[in-house]
Structure formats: C-alpha cells, structure tokens
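What follows is a short report on a single structure.
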Protein chains: 2
Amino acid sequence: MVNDPAPTEERILEAAKKVFHARGYAGARMQEIADEAGVNKALLHYYYRNKESLFHAVFEDAFSKLLVKMKEIFFSDRPLTEKVEQFVQYYVTFISNNSYLPLFVLNSLYERPEQFRALLERNTLSPLSILETIRQQVKSELNLDIDPLHLYINILSLSIFPVIAKPMIQNIFGYSDEHLDAFYAERRHTVPQFILNALKGYGIHQSK
Amino acid sequence: MVNDPAPTEERILEAAKKVFHARGYAGARMQEIADEAGVNKALLHYYYRNKESLFHAVFEDAFSKLLVKMKEIFFSDRPLTEKVEQFVQYYVTFISNNSYLPLFVLNSLYERPEQFRALLERNTLSPLSILETIRQQVKSELNLDIDPLHLYINILSLSIFPVIAKPMIQNIFGYSDEHLDAFYAERRHTVPQFILNALKGYGIHQSK
DNA sequence: GTCTATATCGGGATAGAC
DNA sequence: GTCTATCCCGATATAGAC
C-alpha cells in the first residue's frame, strides 16, 4: 500500500539525510537524527553500527543521485546540443529542489576522501566515459576547437554553482526564496543558450 | 623587520584560519588550533573570548579577501571584455592557491546566516553596484540581449566551481595535484575565451 | 601574557530490561 | 525491535599560579 508507515530503518535513514545534509558530519547530532525519526538514540546504533556508517549510507545515496541522471542523459543517443539543454534543465531543477546535496557531497570529499575511495572506484568508469562521449560528439557533430574536459566542467559549473551559492546570492542581493526560484527557472533556458552561443563562437573564431 | 616572529594574537588567528578552513566550524578543535599556533588552549580564550568569536574573525577575513579583489577589478575603468579576462585570471589563480576559502564561506553562510547579517550588510552595496556596472557596460559597449545578473553569475560559476570541485574532479578522473594545477592554468585563458565567444553569439542571434 | 589544572557538559556508544 | 539508564571520553571554558 502507498501509505504504509515507513519501516523504522528507512525512517532513520531519511532523518539522517536531513540532518547530515543540513549540518555536515561533524555538526550532526545522533540525538537530532533520532528525534527527527521519532525513535530513540539507541535504535540508530541497532540499525547502523555507528555514526560513521550511518553517514556512509547517506553519502552513498546522495552521490549516486547526482550521478545517475547525469549518466542517463549523456549516454543517450541525442545530439550534443540537445544533451546540454536536457542536462541543464534537469539538473538546475533537481539540485535547486535538493539544494543541500552538492555541497554535502563536496564537503564529504574534502573531509574524508579515503572514506570513499571504494565507492568512487565503483563509479569511476562512467564519468570518464561521459567525457569520452562528449569528445566524440564535439568532433563528429560540431568539429570545434574546444577541449571537451573544459566544456564538460563549464556545463557542470554553470548548472551547479548558482545553486550552492544560494545563501550568498540571497544575502548579497537580498533576494527572497521566490525571487531565487524564479532566477533558477530562468537559468533553465539562459544557460543552454549561453553555452550554445559560446560553441557557435568557436566555430567562427579559432582559439588563439 | 621582516622576520619578527609574529605576535601571539596573530599566530593564533593564522592557526585558526588553517583549522577552520580545513574542518569547518563544528569539526574544528580548539586544541588543534592551539597546537598549530604553538601555544596553550587557554590563550585562545585570552585573546578571543570563545570559539564563536574566533571563528567570526576567520570568516570576516575570508569573506573580505574574496570580495576586495572582485570590487577592484569590476570598478576599474576597463572595457567589460577586459574585466572578464582580468577577473577570471586573477580569481582562478587566487582561489586555487586558497582552495578552502570559497567552500568555507559558502558553508558558513549555510550554517549560520544570522551570524553574518551585520557583516554582509556592511558589504552589501558593492556587489549590487558591481552588477549595475556590468549592466551599463553590457548596454553601452556591447548592446547585447543578455541579462547582466546571469552573466555575472556565469562568470563567478566558471571561475569558482572548478576549484571547489577539486577533490571530486581529482577522484573521478584520477588527476594528480600537478595535473589539476595545469588544468587550472589552462582555464585562465579558456574561460575568458568561452565567455567572450558566448557574448559574440548573443550579437549574432537574438534570444528566442 | 602564558601556563597547568580542573570544572562542566554534551555526545557517541553500550548494557540490559521489556 | 525498542526503550531507559549509564558509561566515558573529548571538548569548551574558567580559575588561578607564575
């Protein structure tokens, strides 16, 4: 049934996501996670051995959420220009609805890279081959003098950074949440336009 | 003299920067800061009342470092295209040499926005007027159909994100530190080229 | 101004009853 | 599986000698 109350283990994981995403590893409190899940602290240790392994589950979930759609889009058989449009539209929306995810992942990788070697190695092949896919399409479809790695990182930057910089933009420009959401909605088309315009520029003018 | 041993208060602040930048507020330990500064824990409280106010000093320093050069460049009387080039070149270099700064500032704003209201208000005017400067130059020099806020955020995204994503890029592509540094060095010219190419594209093709 | 010693508290983890 | 009670360490902060 749709409305089964979530089983305890799952409720704990959901609560842990919320708290870890908002506070990071060191800032998160097992007590707060327990309260959020509506259970006792001891239960967290029953299901997840300790804070570290609970965190690990949360990170794995976040990281794969960020990767899975990226792969799906870039491994489709659309032309590169369509992929760019699709990717930006999907990612800006998804991330602004889950605005803690990317910063959480970045911080985790800074603070505990060793922790995730195994996980990353399991996933390593795909981003590399995303890059290879882009390389081929740049050559075959566009025939432009642009480094595919720079292009790839540019696409990610333009999609992700404005969302993780949300509190900064909000504070500096005094934007309300609604303002910001409208801004992100605009970006779903201004960013692909910006990128495709740039690509056009490479066609006309070779790199110096 | 150049080689005066730094006075205690300053040594503490420097140590605090190092530790807070690397570990964030919750992850930082007063003991580690004391060790790093070569003094006793109690001295931290003598100079800075508590952890919170020490952190505040560190944040203020980081935040202003990120703003001051931005203002300097955007308030000069160069043409916009030159400003873009100057800004990217300066910022990519500066940030990759101080790679903890931007993430530290972003995290601080997420975790404790109320903490910095006053500080932000003191600085608020400038980024707004940076935006106004860009708006005028887009109109008078380029006469393009591009929203200056989007352009501004794009410039920041392309300059800052690749640096804060360093551990992710490094893990995913297996890049060494030297590899990455070379990549950032390339970006000092590929990014301005990308942006200027995009601007050229707006001239040719009106927004749909 | 700088140190040692200590108070105090909070948080992760475990024992054990139900 | 879930709870209460408790252990125990580590961390901020302060007292007070030098």
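In the structure tokens, each chain is lettered A, B, ... as it comes, each chain's residues begin at 1, and ligands are numbered from 1 in order of appearance.
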For chain D versus chain B, which residues have an atom no more than 8 Å away, and what is each residue's nearest atom pair and distance in Å rounded to one decimal, using only C-alpha atoms (C1' of nucleotides), chain-then-number order, as a tab-separated table?
```
residue	atom	partner	partner_atom	distance
D:DA11	C1'	B:Arg29	CA	7.6
D:DT12	C1'	B:Lys51	CA	7.9
D:DA13	C1'	B:Asn50	CA	7.9
```
Contacts of region 13-15 of chain A within 12 Å, only C-alpha atoms (C1' of nucleotides), excl. fewer than 3 positions in-chain, as a PyMOL selection string: chain A and resi 6-10+18-22+28-39+43-44+47-48+51+53-62
Residues within 8 Å of region 184-194 of chain A, only C-alpha atoms (C1' of nucleotides), excluding chain neighbours under 3 positions, as an NGL selection string: (:A and (84-85 or 88-89 or 92-93 or 96 or 158-159 or 163 or 180-181 or 197-198)) or (:B and (150 or 198-199 or 207))
Using the selection just defined, write its residues with all heavy atoms as a compact mmCIF listing (two decimals), in the first residue's frame.
```txt
# COMPACT_ATOMS: atom_id res chain seq x y z
N VAL A 84 23.03 18.99 -23.80
CA VAL A 84 23.35 20.13 -22.95
C VAL A 84 22.05 20.75 -22.41
O VAL A 84 21.91 21.01 -21.22
CB VAL A 84 24.14 21.19 -23.73
CG1 VAL A 84 24.24 22.49 -22.95
CG2 VAL A 84 25.54 20.67 -24.05
N GLU A 85 21.12 20.95 -23.31
CA GLU A 85 19.85 21.55 -22.92
C GLU A 85 19.12 20.68 -21.90
O GLU A 85 18.68 21.16 -20.84
CB GLU A 85 18.97 21.73 -24.17
CG GLU A 85 17.90 22.77 -23.98
CD GLU A 85 17.36 23.24 -25.33
OE1 GLU A 85 17.92 22.83 -26.37
OE2 GLU A 85 16.37 24.00 -25.34
N VAL A 88 21.08 20.64 -18.40
CA VAL A 88 20.94 21.85 -17.60
C VAL A 88 19.52 21.96 -17.04
O VAL A 88 19.33 22.23 -15.85
CB VAL A 88 21.27 23.10 -18.43
CG1 VAL A 88 20.97 24.36 -17.62
CG2 VAL A 88 22.73 23.08 -18.86
N GLN A 89 18.54 21.71 -17.87
CA GLN A 89 17.16 21.82 -17.41
C GLN A 89 16.89 20.86 -16.26
O GLN A 89 16.32 21.23 -15.24
CB GLN A 89 16.20 21.56 -18.57
CG GLN A 89 16.18 22.75 -19.52
CD GLN A 89 15.16 22.59 -20.62
OE1 GLN A 89 14.46 21.59 -20.68
NE2 GLN A 89 15.09 23.58 -21.49
N VAL A 92 19.43 21.80 -12.95
CA VAL A 92 19.11 23.01 -12.21
C VAL A 92 17.85 22.79 -11.37
O VAL A 92 17.79 23.15 -10.19
CB VAL A 92 18.91 24.22 -13.16
CG1 VAL A 92 18.35 25.41 -12.40
CG2 VAL A 92 20.24 24.59 -13.81
N THR A 93 16.86 22.15 -11.96
CA THR A 93 15.64 21.87 -11.22
C THR A 93 15.88 20.90 -10.07
O THR A 93 15.54 21.18 -8.92
CB THR A 93 14.57 21.26 -12.16
OG1 THR A 93 14.39 22.11 -13.27
CG2 THR A 93 13.25 21.10 -11.42
N SER A 96 18.11 22.46 -7.32
CA SER A 96 17.52 23.53 -6.52
C SER A 96 16.41 22.98 -5.63
O SER A 96 16.09 23.55 -4.59
CB SER A 96 17.01 24.68 -7.41
OG SER A 96 15.98 24.25 -8.25
N LEU A 158 28.14 25.90 -14.54
CA LEU A 158 27.01 26.80 -14.77
C LEU A 158 25.71 26.23 -14.20
O LEU A 158 24.80 26.98 -13.85
CB LEU A 158 26.85 27.06 -16.27
CG LEU A 158 28.00 27.88 -16.89
CD1 LEU A 158 27.93 27.82 -18.42
CD2 LEU A 158 27.95 29.33 -16.41
N SER A 159 25.64 24.91 -14.11
CA SER A 159 24.42 24.29 -13.58
C SER A 159 24.42 24.23 -12.06
O SER A 159 23.40 24.45 -11.41
CB SER A 159 24.27 22.87 -14.12
OG SER A 159 24.32 22.86 -15.54
N VAL A 163 23.38 27.26 -7.62
CA VAL A 163 22.51 26.69 -6.60
C VAL A 163 23.23 26.58 -5.26
O VAL A 163 22.67 26.91 -4.21
CB VAL A 163 21.95 25.32 -7.04
CG1 VAL A 163 21.03 24.77 -5.97
CG2 VAL A 163 21.22 25.46 -8.36
N LEU A 180 14.61 33.87 -5.96
CA LEU A 180 15.66 32.93 -6.35
C LEU A 180 15.11 31.80 -7.20
O LEU A 180 15.73 31.41 -8.20
CB LEU A 180 16.32 32.36 -5.09
CG LEU A 180 17.70 32.87 -4.75
CD1 LEU A 180 18.79 31.97 -5.32
CD2 LEU A 180 17.92 34.28 -5.29
N ASP A 181 13.96 31.28 -6.83
CA ASP A 181 13.37 30.20 -7.62
C ASP A 181 13.08 30.69 -9.04
O ASP A 181 13.31 29.95 -10.01
CB ASP A 181 12.08 29.71 -6.96
CG ASP A 181 12.39 28.84 -5.75
OD1 ASP A 181 13.55 28.39 -5.63
OD2 ASP A 181 11.48 28.62 -4.93
N ASN A 197 25.66 29.46 -27.57
CA ASN A 197 26.25 30.66 -28.16
C ASN A 197 27.77 30.59 -28.13
O ASN A 197 28.44 30.95 -29.10
CB ASN A 197 25.78 31.92 -27.41
CG ASN A 197 24.46 32.43 -27.97
OD1 ASN A 197 24.04 32.06 -29.05
ND2 ASN A 197 23.80 33.30 -27.21
N ALA A 198 28.30 30.13 -27.01
CA ALA A 198 29.77 30.02 -26.91
C ALA A 198 30.29 29.05 -27.97
O ALA A 198 31.28 29.33 -28.65
CB ALA A 198 30.16 29.56 -25.51
N HIS B 150 22.61 37.18 -14.95
CA HIS B 150 23.01 35.85 -15.42
C HIS B 150 24.46 35.85 -15.86
O HIS B 150 25.21 34.92 -15.57
CB HIS B 150 22.09 35.40 -16.57
CG HIS B 150 20.75 34.95 -16.09
ND1 HIS B 150 20.49 33.66 -15.69
CD2 HIS B 150 19.58 35.62 -15.92
CE1 HIS B 150 19.23 33.54 -15.31
NE2 HIS B 150 18.65 34.72 -15.44
N ALA B 198 30.66 33.33 -26.14
CA ALA B 198 29.22 33.34 -25.86
C ALA B 198 28.65 34.72 -26.15
O ALA B 198 27.60 34.85 -26.78
CB ALA B 198 28.96 32.93 -24.42
N LEU B 199 29.35 35.76 -25.71
CA LEU B 199 28.84 37.12 -25.91
C LEU B 199 28.72 37.42 -27.40
O LEU B 199 27.74 38.01 -27.85
CB LEU B 199 29.77 38.13 -25.24
CG LEU B 199 29.76 38.09 -23.71
CD1 LEU B 199 30.73 39.11 -23.13
CD2 LEU B 199 28.35 38.34 -23.18
N SER B 207 17.99 36.37 -28.47
CA SER B 207 17.42 35.32 -27.61
C SER B 207 16.05 34.95 -28.14
O SER B 207 15.30 35.80 -28.61
CB SER B 207 17.27 35.84 -26.19
OG SER B 207 16.25 36.80 -26.13
```
Exercise: region 74-78 of chain B partners within 8 Å, only C-alpha atoms (C1' of nucleotides), chain neighbours under 6 positions left out, as a PyMOL selection string: chain B and resi 87+130+133-134
Atom pair CA of Leu196 (chain B) / CA of Leu149 (chain B): separation (Å):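 Separating CA of Leu196 (chain B) from CA of Leu149 (chain B) is a distance of 16.0 Å.
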Give the residues of chain C that lie within 9 Å of chain B; count only C-alpha atoms (C1' of nucleotides), and format the answer as a short mmCIF file (atom, residue, chain, number, x, y, z; two decimals) with all heavy atoms, in the first residue's frame.
```
data_model
loop_
_atom_site.label_atom_id
_atom_site.label_comp_id
_atom_site.auth_asym_id
_atom_site.auth_seq_id
_atom_site.Cartn_x
_atom_site.Cartn_y
_atom_site.Cartn_z
P DG C 1 49.10 41.95 26.44
OP1 DG C 1 47.74 41.68 26.08
OP2 DG C 1 49.40 42.77 27.61
"O5'" DG C 1 49.80 40.46 26.54
"C5'" DG C 1 50.55 40.20 27.61
"C4'" DG C 1 51.37 38.95 27.43
"O4'" DG C 1 51.52 38.40 28.77
"C3'" DG C 1 50.79 37.79 26.62
"O3'" DG C 1 51.91 36.98 26.23
"C2'" DG C 1 49.92 37.06 27.64
"C1'" DG C 1 50.79 37.17 28.88
N9 DG C 1 50.06 37.26 30.15
C8 DG C 1 48.94 37.97 30.47
N7 DG C 1 48.57 37.83 31.71
C5 DG C 1 49.51 36.96 32.25
C6 DG C 1 49.63 36.43 33.57
O6 DG C 1 48.91 36.65 34.55
N1 DG C 1 50.75 35.59 33.69
C2 DG C 1 51.62 35.31 32.65
N2 DG C 1 52.64 34.48 32.94
N3 DG C 1 51.51 35.80 31.42
C4 DG C 1 50.43 36.60 31.30
P DT C 2 51.82 35.73 25.17
OP1 DT C 2 53.05 35.70 24.36
OP2 DT C 2 50.51 35.88 24.51
"O5'" DT C 2 51.82 34.42 26.06
"C5'" DT C 2 53.02 34.02 26.69
"C4'" DT C 2 52.74 32.94 27.73
"O4'" DT C 2 51.95 33.49 28.80
"C3'" DT C 2 51.92 31.76 27.19
"O3'" DT C 2 52.76 30.62 27.04
"C2'" DT C 2 50.83 31.53 28.25
"C1'" DT C 2 51.31 32.39 29.42
N1 DT C 2 50.20 32.92 30.27
C2 DT C 2 50.16 32.56 31.59
O2 DT C 2 50.98 31.84 32.11
N3 DT C 2 49.09 33.07 32.29
C4 DT C 2 48.10 33.89 31.81
O4 DT C 2 47.20 34.28 32.53
C5 DT C 2 48.20 34.24 30.42
C7 DT C 2 47.18 35.11 29.80
C6 DT C 2 49.24 33.74 29.70
P DC C 3 52.17 29.19 26.60
OP1 DC C 3 53.22 28.44 25.88
OP2 DC C 3 50.87 29.43 25.97
"O5'" DC C 3 51.92 28.49 28.03
"C5'" DC C 3 53.04 28.09 28.80
"C4'" DC C 3 52.60 27.70 30.21
"O4'" DC C 3 51.80 28.78 30.75
"C3'" DC C 3 51.69 26.47 30.27
"O3'" DC C 3 52.47 25.29 30.52
"C2'" DC C 3 50.75 26.76 31.43
"C1'" DC C 3 50.90 28.23 31.70
N1 DC C 3 49.58 28.94 31.53
C2 DC C 3 48.80 29.19 32.66
O2 DC C 3 49.22 28.80 33.77
N3 DC C 3 47.62 29.82 32.53
C4 DC C 3 47.21 30.22 31.32
N4 DC C 3 46.04 30.85 31.24
C5 DC C 3 48.00 29.98 30.15
C6 DC C 3 49.16 29.34 30.30
#
```
